[in-house]
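Structure file model33.txt with compact mmCIF, C-alpha atoms:
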```txt
# COMPACT_ATOMS: atom_id res chain seq x y z
CA MET A 1 100.27 111.69 80.03
CA THR A 2 103.54 109.74 80.12
CA GLN A 3 106.99 110.77 81.26
CA ARG A 4 110.37 109.33 82.01
CA LEU A 5 111.08 108.97 85.70
CA GLU A 6 114.48 110.63 85.85
CA THR A 7 114.32 113.01 88.82
CA ILE A 8 112.96 111.54 92.05
CA LEU A 9 112.12 113.18 95.37
CA LEU A 10 112.12 110.82 98.35
CA VAL A 11 109.91 112.13 101.13
CA GLY A 12 111.36 110.20 104.04
CA CYS A 13 114.32 107.86 103.87
CA GLY A 14 113.67 105.28 106.57
CA ASN A 15 114.31 101.57 106.36
CA MET A 16 112.37 100.80 103.19
CA ALA A 17 112.96 103.97 101.19
CA GLY A 18 116.60 103.90 102.28
CA ALA A 19 116.96 100.30 101.10
CA MET A 20 115.44 101.25 97.73
CA LEU A 21 117.88 104.13 97.40
CA GLU A 22 120.73 101.78 98.25
CA GLY A 23 119.55 99.32 95.62
CA TRP A 24 119.23 101.96 92.93
CA LEU A 25 122.70 103.32 93.58
CA ALA A 26 124.20 99.82 93.68
CA ALA A 27 122.63 99.21 90.26
CA GLY A 28 124.39 102.27 88.88
CA LEU A 29 121.70 104.94 88.89
CA GLU A 30 123.23 108.39 89.21
CA PRO A 31 123.00 109.98 92.69
CA ALA A 32 122.12 113.29 91.05
CA ARG A 33 118.72 111.85 90.12
CA PHE A 34 117.67 111.74 93.78
CA THR A 35 116.68 114.39 96.29
CA VAL A 36 115.93 113.19 99.81
CA VAL A 37 113.79 114.93 102.42
CA GLU A 38 115.28 113.66 105.67
CA PRO A 39 115.32 115.81 108.82
CA SER A 40 117.44 113.33 110.80
CA ASP A 41 121.22 113.05 110.64
CA ARG A 42 121.05 109.77 108.75
CA ARG A 43 124.09 109.46 106.55
CA LEU A 44 123.35 109.54 102.84
CA PRO A 45 125.63 108.50 99.96
CA GLY A 46 127.70 111.18 98.28
CA GLY A 47 125.98 113.11 95.51
CA ILE A 48 122.52 112.84 97.09
CA VAL A 49 120.86 116.17 97.81
CA ARG A 50 119.44 116.22 101.34
CA LEU A 51 116.69 118.61 102.36
CA PRO A 52 115.58 119.06 105.99
CA SER A 53 111.95 119.56 104.97
CA ILE A 54 109.70 119.34 101.93
CA PRO A 55 110.59 122.24 99.63
CA ASP A 56 108.09 124.93 98.70
CA ARG A 57 108.83 124.52 95.01
CA GLY A 58 110.58 122.20 92.62
CA GLN A 59 109.98 119.96 89.63
CA PHE A 60 110.31 116.19 89.94
CA ASP A 61 109.29 113.36 87.65
CA ALA A 62 108.37 111.15 90.61
CA ILE A 63 107.75 111.67 94.32
CA LEU A 64 108.28 108.62 96.52
CA LEU A 65 106.34 108.72 99.78
CA GLY A 66 108.46 106.83 102.29
CA VAL A 67 107.09 107.99 105.63
CA LYS A 68 104.84 106.08 108.04
CA PRO A 69 101.20 105.91 106.85
CA GLN A 70 100.10 107.85 109.94
CA LEU A 71 102.08 110.86 108.67
CA LEU A 72 100.17 111.16 105.39
CA GLY A 73 98.05 114.01 106.72
CA GLU A 74 101.15 115.91 107.78
CA ILE A 75 102.98 115.67 104.44
CA ALA A 76 99.97 115.82 102.10
CA ALA A 77 99.67 119.60 101.72
CA PRO A 78 103.36 120.39 101.05
CA VAL A 79 103.75 117.39 98.71
CA ALA A 80 100.58 118.35 96.83
CA LYS A 81 102.24 121.66 95.90
CA LEU A 82 105.00 119.73 94.11
CA ALA A 83 102.83 117.00 92.60
CA GLY A 84 101.78 118.75 89.39
CA GLY A 85 103.16 116.72 86.49
CA ALA A 86 104.72 114.12 88.79
CA THR A 87 104.02 110.45 89.39
CA ILE A 88 103.30 109.70 93.04
CA LEU A 89 104.96 106.47 94.21
CA SER A 90 103.59 105.43 97.59
CA LEU A 91 105.08 102.98 100.08
CA LEU A 92 102.30 103.76 102.57
CA ALA A 93 100.75 100.48 103.69
CA GLY A 94 96.96 100.55 103.56
CA VAL A 95 96.69 103.87 101.71
CA GLU A 96 94.60 103.21 98.62
CA LEU A 97 94.86 104.75 95.16
CA ALA A 98 91.59 106.61 95.73
CA THR A 99 93.06 108.25 98.83
CA LEU A 100 96.27 109.14 97.01
CA THR A 101 94.26 110.65 94.16
CA ALA A 102 92.24 112.74 96.58
CA ARG A 103 95.37 113.92 98.39
CA PHE A 104 97.39 114.68 95.25
CA PRO A 105 94.90 115.52 92.48
CA ALA A 106 97.45 117.40 90.36
CA ALA A 107 99.74 114.39 90.00
CA THR A 108 100.03 112.74 86.60
CA ALA A 109 99.54 109.27 88.07
CA HIS A 110 99.48 107.43 91.38
CA VAL A 111 101.27 104.14 92.06
CA ARG A 112 101.22 101.94 95.15
CA VAL A 113 104.55 100.18 95.63
CA MET A 114 105.10 97.30 98.05
CA PRO A 115 108.64 95.91 98.14
CA ASN A 116 110.61 94.43 101.01
CA LEU A 117 114.08 95.16 102.36
CA ALA A 118 115.71 92.83 99.83
CA VAL A 119 115.47 95.77 97.38
CA ALA A 120 118.92 96.73 98.69
CA LEU A 121 120.21 93.49 97.13
CA GLY A 122 118.07 93.73 94.00
CA LYS A 123 116.11 90.63 95.08
CA ALA A 124 112.74 91.85 96.32
CA PRO A 125 109.33 91.01 94.91
CA ILE A 126 107.69 94.38 94.23
CA ALA A 127 103.91 94.63 93.99
CA LEU A 128 102.56 97.57 91.99
CA ALA A 129 99.07 99.01 91.51
CA GLU A 130 98.39 102.17 89.54
CA ARG A 131 95.91 104.79 88.49
CA GLY A 132 96.55 107.16 85.59
CA LEU A 133 99.38 105.47 83.70
CA ASP A 134 99.29 104.49 80.04
CA ASP A 135 101.26 101.51 78.74
CA THR A 136 104.42 103.55 78.31
CA GLY A 137 104.06 104.97 81.80
CA ARG A 138 103.64 101.50 83.24
CA ALA A 139 106.77 100.44 81.41
CA SER A 140 108.64 103.42 82.89
CA VAL A 141 107.66 102.38 86.42
CA ILE A 142 108.71 98.79 85.75
CA GLN A 143 112.06 100.03 84.39
CA LEU A 144 112.63 102.12 87.52
CA MET A 145 111.82 99.19 89.82
CA GLN A 146 113.65 96.41 87.97
CA PRO A 147 117.07 97.10 89.54
CA LEU A 148 115.44 96.39 92.92
CA GLY A 149 114.00 92.96 92.15
CA THR A 150 110.99 91.58 90.32
CA PRO A 151 108.22 94.18 89.93
CA GLU A 152 104.74 92.93 89.07
CA TRP A 153 101.39 94.65 88.55
CA VAL A 154 98.58 93.36 90.77
CA ASP A 155 94.89 94.10 91.18
CA GLU A 156 94.55 96.68 93.95
CA ALA A 157 91.72 94.61 95.44
CA GLN A 158 94.41 92.04 96.33
CA PHE A 159 97.02 94.55 97.46
CA ASP A 160 96.61 93.96 101.19
CA LEU A 161 97.02 90.22 100.66
CA VAL A 162 100.06 90.70 98.43
CA THR A 163 101.50 93.07 101.04
CA ALA A 164 100.99 90.42 103.72
CA LEU A 165 102.77 87.85 101.54
CA THR A 166 105.69 89.82 100.10
CA GLY A 167 105.98 92.89 102.34
CA SER A 168 105.37 91.28 105.72
CA GLY A 169 106.49 87.84 104.56
CA PRO A 170 110.20 88.25 105.34
CA ALA A 171 109.36 88.80 109.01
CA PHE A 172 107.39 85.55 109.02
CA VAL A 173 110.28 83.71 107.36
CA TYR A 174 112.75 85.20 109.86
CA ARG A 175 110.53 84.02 112.71
CA PHE A 176 110.47 80.51 111.26
CA ILE A 177 114.27 80.48 110.86
CA ASP A 178 114.60 81.64 114.45
CA ALA A 179 112.19 78.94 115.59
CA LEU A 180 114.16 76.21 113.79
CA ALA A 181 117.40 77.43 115.39
CA ALA A 182 115.79 77.74 118.81
CA ALA A 183 114.34 74.22 118.51
CA ALA A 184 117.74 72.81 117.58
CA ALA A 185 119.25 74.59 120.59
CA ASP A 186 116.52 73.19 122.85
CA LEU A 187 117.43 69.72 121.59
CA GLY A 188 121.11 70.18 122.38
CA LEU A 189 122.91 72.13 119.62
CA PRO A 190 124.80 75.26 120.74
CA ARG A 191 122.59 78.26 119.90
CA ASP A 192 125.22 80.19 117.93
CA GLN A 193 125.91 77.14 115.81
CA ALA A 194 122.20 76.49 115.34
CA ASP A 195 121.73 80.09 114.17
CA ARG A 196 124.53 79.83 111.60
CA MET A 197 123.37 76.50 110.26
CA ALA A 198 119.71 77.52 110.03
CA LEU A 199 120.60 80.66 108.07
CA ALA A 200 122.93 78.81 105.71
CA MET A 201 120.31 76.12 105.17
CA VAL A 202 117.59 78.63 104.28
CA GLU A 203 119.90 80.58 101.97
CA GLY A 204 120.82 77.45 100.04
CA ALA A 205 117.30 76.06 99.96
CA SER A 206 115.90 79.38 98.70
CA ALA A 207 118.53 79.67 95.98
CA LEU A 208 117.84 76.11 94.84
CA ALA A 209 114.08 76.66 94.83
CA ALA A 210 114.50 79.83 92.75
CA GLN A 211 116.41 77.92 90.07
CA SER A 212 114.42 74.68 90.11
CA PRO A 213 111.62 73.91 87.65
CA ASP A 214 109.86 72.13 90.53
CA SER A 215 107.55 73.88 92.96
CA PRO A 216 108.66 74.23 96.60
CA GLY A 217 106.06 71.64 97.55
CA ALA A 218 107.46 69.18 95.01
CA LEU A 219 111.00 69.89 96.19
CA ALA A 220 109.99 69.09 99.77
CA ASP A 221 108.69 65.72 98.65
CA LYS A 222 111.89 65.08 96.67
CA VAL A 223 113.99 65.68 99.78
CA ALA A 224 111.82 63.36 101.85
CA SER A 225 112.48 59.66 101.31
CA LYS A 226 109.77 57.23 102.37
CA GLY A 227 110.40 56.16 105.94
CA GLY A 228 113.32 58.58 106.35
CA MET A 229 114.13 61.41 108.75
CA THR A 230 112.80 64.23 106.56
CA ARG A 231 109.48 62.48 105.95
CA GLU A 232 109.05 61.97 109.68
CA GLY A 233 109.51 65.71 110.26
CA LEU A 234 107.25 66.67 107.35
CA ASP A 235 104.53 64.44 108.74
CA VAL A 236 104.47 66.68 111.82
CA LEU A 237 104.13 69.86 109.71
CA ASP A 238 101.55 68.25 107.43
CA ALA A 239 99.39 66.68 110.13
CA ASP A 240 95.89 68.21 110.01
CA SER A 241 97.35 70.83 107.61
CA ALA A 242 98.94 72.43 110.69
CA LEU A 243 101.50 74.55 108.83
CA LEU A 244 99.02 75.60 106.13
CA THR A 245 96.47 76.57 108.76
CA LEU A 246 99.04 78.64 110.63
CA ALA A 247 100.26 80.36 107.44
CA ARG A 248 96.69 81.14 106.37
CA ALA A 249 95.87 82.67 109.76
CA THR A 250 99.11 84.69 109.68
CA LEU A 251 98.44 86.15 106.23
CA ARG A 252 94.79 86.80 107.06
CA ALA A 253 95.72 88.79 110.17
CA ALA A 254 98.26 90.89 108.26
CA ARG A 255 95.89 91.39 105.32
CA ASP A 256 93.01 92.45 107.57
CA ARG A 257 95.24 94.97 109.34
CA GLY A 258 95.96 96.49 105.93
CA ALA A 259 92.24 96.89 105.37
CA GLU A 260 91.96 98.60 108.76
CA LEU A 261 94.76 101.00 107.85
CA ALA A 262 93.00 101.80 104.57
CA ALA A 263 89.78 102.58 106.44
CA GLU A 264 91.67 104.87 108.82
CA ALA A 265 93.29 106.68 105.88
CA ARG A 266 89.92 107.18 104.21
CA LYS A 267 88.53 108.76 107.38
CA SER A 268 91.36 111.30 107.60
CA PRO A 269 90.34 114.70 106.22
CA VAL A 270 91.85 115.80 102.94
CA GLU A 271 93.92 118.88 103.57
CA GLY A 272 94.08 121.36 100.76
```
Show me, as structure tokens, the structure contained in the file I just sent.
Amino acid sequence: MTQRLETILLVGCGNMAGAMLEGWLAAGLEPARFTVVEPSDRRLPGGIVRLPSIPDRGQFDAILLGVKPQLLGEIAAPVAKLAGGATILSLLAGVELATLTARFPAATAHVRVMPNLAVALGKAPIALAERGLDDTGRASVIQLMQPLGTPEWVDEAQFDLVTALTGSGPAFVYRFIDALAAAAADLGLPRDQADRMALAMVEGASALAAQSPDSPGALADKVASKGGMTREGLDVLDADSALLTLARATLRAARDRGAELAAEARKSPVEG
């Protein structure tokens, strides 16, 4: 069964779901399409219907699960009552399609969604994995996500790895930016100036890499002249594959935690 995703219920509107809502509205989607379950006093844009709790009844084309994964058991039963005919869109890290299907059997389809906070700017990579969609349904999900960035279907078997790369990845990049600025400050640059310059450098380098036909690795080599300053610094990062080894260990740790979360979700009893 296929449907247009016009009316959307957001169950939870924390950092990620809130950023998605911000991105959709900035792209011109009508506020009337969205209903938000948010018990806190968080300010919502005008025209958005706020509910203090999950309603007992209602008809929605899609239900976006934006709470913490540990709260799945708490929201499952009330959401299941609304899921008939709806597409479940889940932001819950580590919660697999099989678990979503067991929790919400009446839903038309189930989709795992992994963006990052750049959805608010329309610049996030968005990993998608689904169960129950036909080609038209997949196109409808892509159309809904496109204002937020670059959606892409992935094999669910790789979802934890993709989540580590694109979902957790910004935190790793921020840590690296902070480390560059801190190192410059340690070597004598005022910290506030180091922070500004590091951010501006990364913004420009990222924009250039996005537009260049060359890979980031090739661009690094283009910047580095033989015997120059940049090459001397790159030699430190490249020695014994130090940076690659660190990045691999970082992604592995994040990926493996996703697998642990999935195992925990599978152990939780299905509440009917």
Nearby residues (only C-alpha atoms) at most 10 Å from Pro216 of chain A, same-chain spacing under 6 positions excluded, as a list in words =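 Skipping anything fewer than 6 positions along the chain leaves Ala205, Ser206, Leu208, Ala209, Ala210 and Lys222 of chain A.
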inquiry  = With distances taken over all atoms listed in the file, which residue among A:Ala17, A:Leu9, A:Ala184, A:Leu97 lies nearest Ala118 of chain A?
reply    =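 Distance minimum relative to Ala118 of chain A lands on A:Ala17.
All protein and nucleic acid residues in the vicinity of (111.3, 113.0, 100.3), that is within 8 Å when counting only C-alpha atoms, are A:Leu9, A:Leu10, A:Val11, A:Gly12, A:Cys13, A:Thr35, A:Val36, A:Val37, A:Glu38, A:Ile54, A:Ile63, A:Leu64, A:Leu65, A:Gly66.
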Coordinates-based distance that separates atom CA of Val113 of chain A from atom CA of Ser90 of chain A (Å, one decimal) =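 Taking atom CA of Ser90 of chain A and atom CA of Val113 of chain A, their separation equals 5.7 Å.
Our summary of the geometry notes that atom CA of Gly137 of chain A is positioned 12.6 Å from atom CA of Trp153 of chain A.
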Atomic distance atom CA of Ala183 of chain A - atom CA of Gly228 of chain A, expressed in Å with one decimal = 19.8 Å
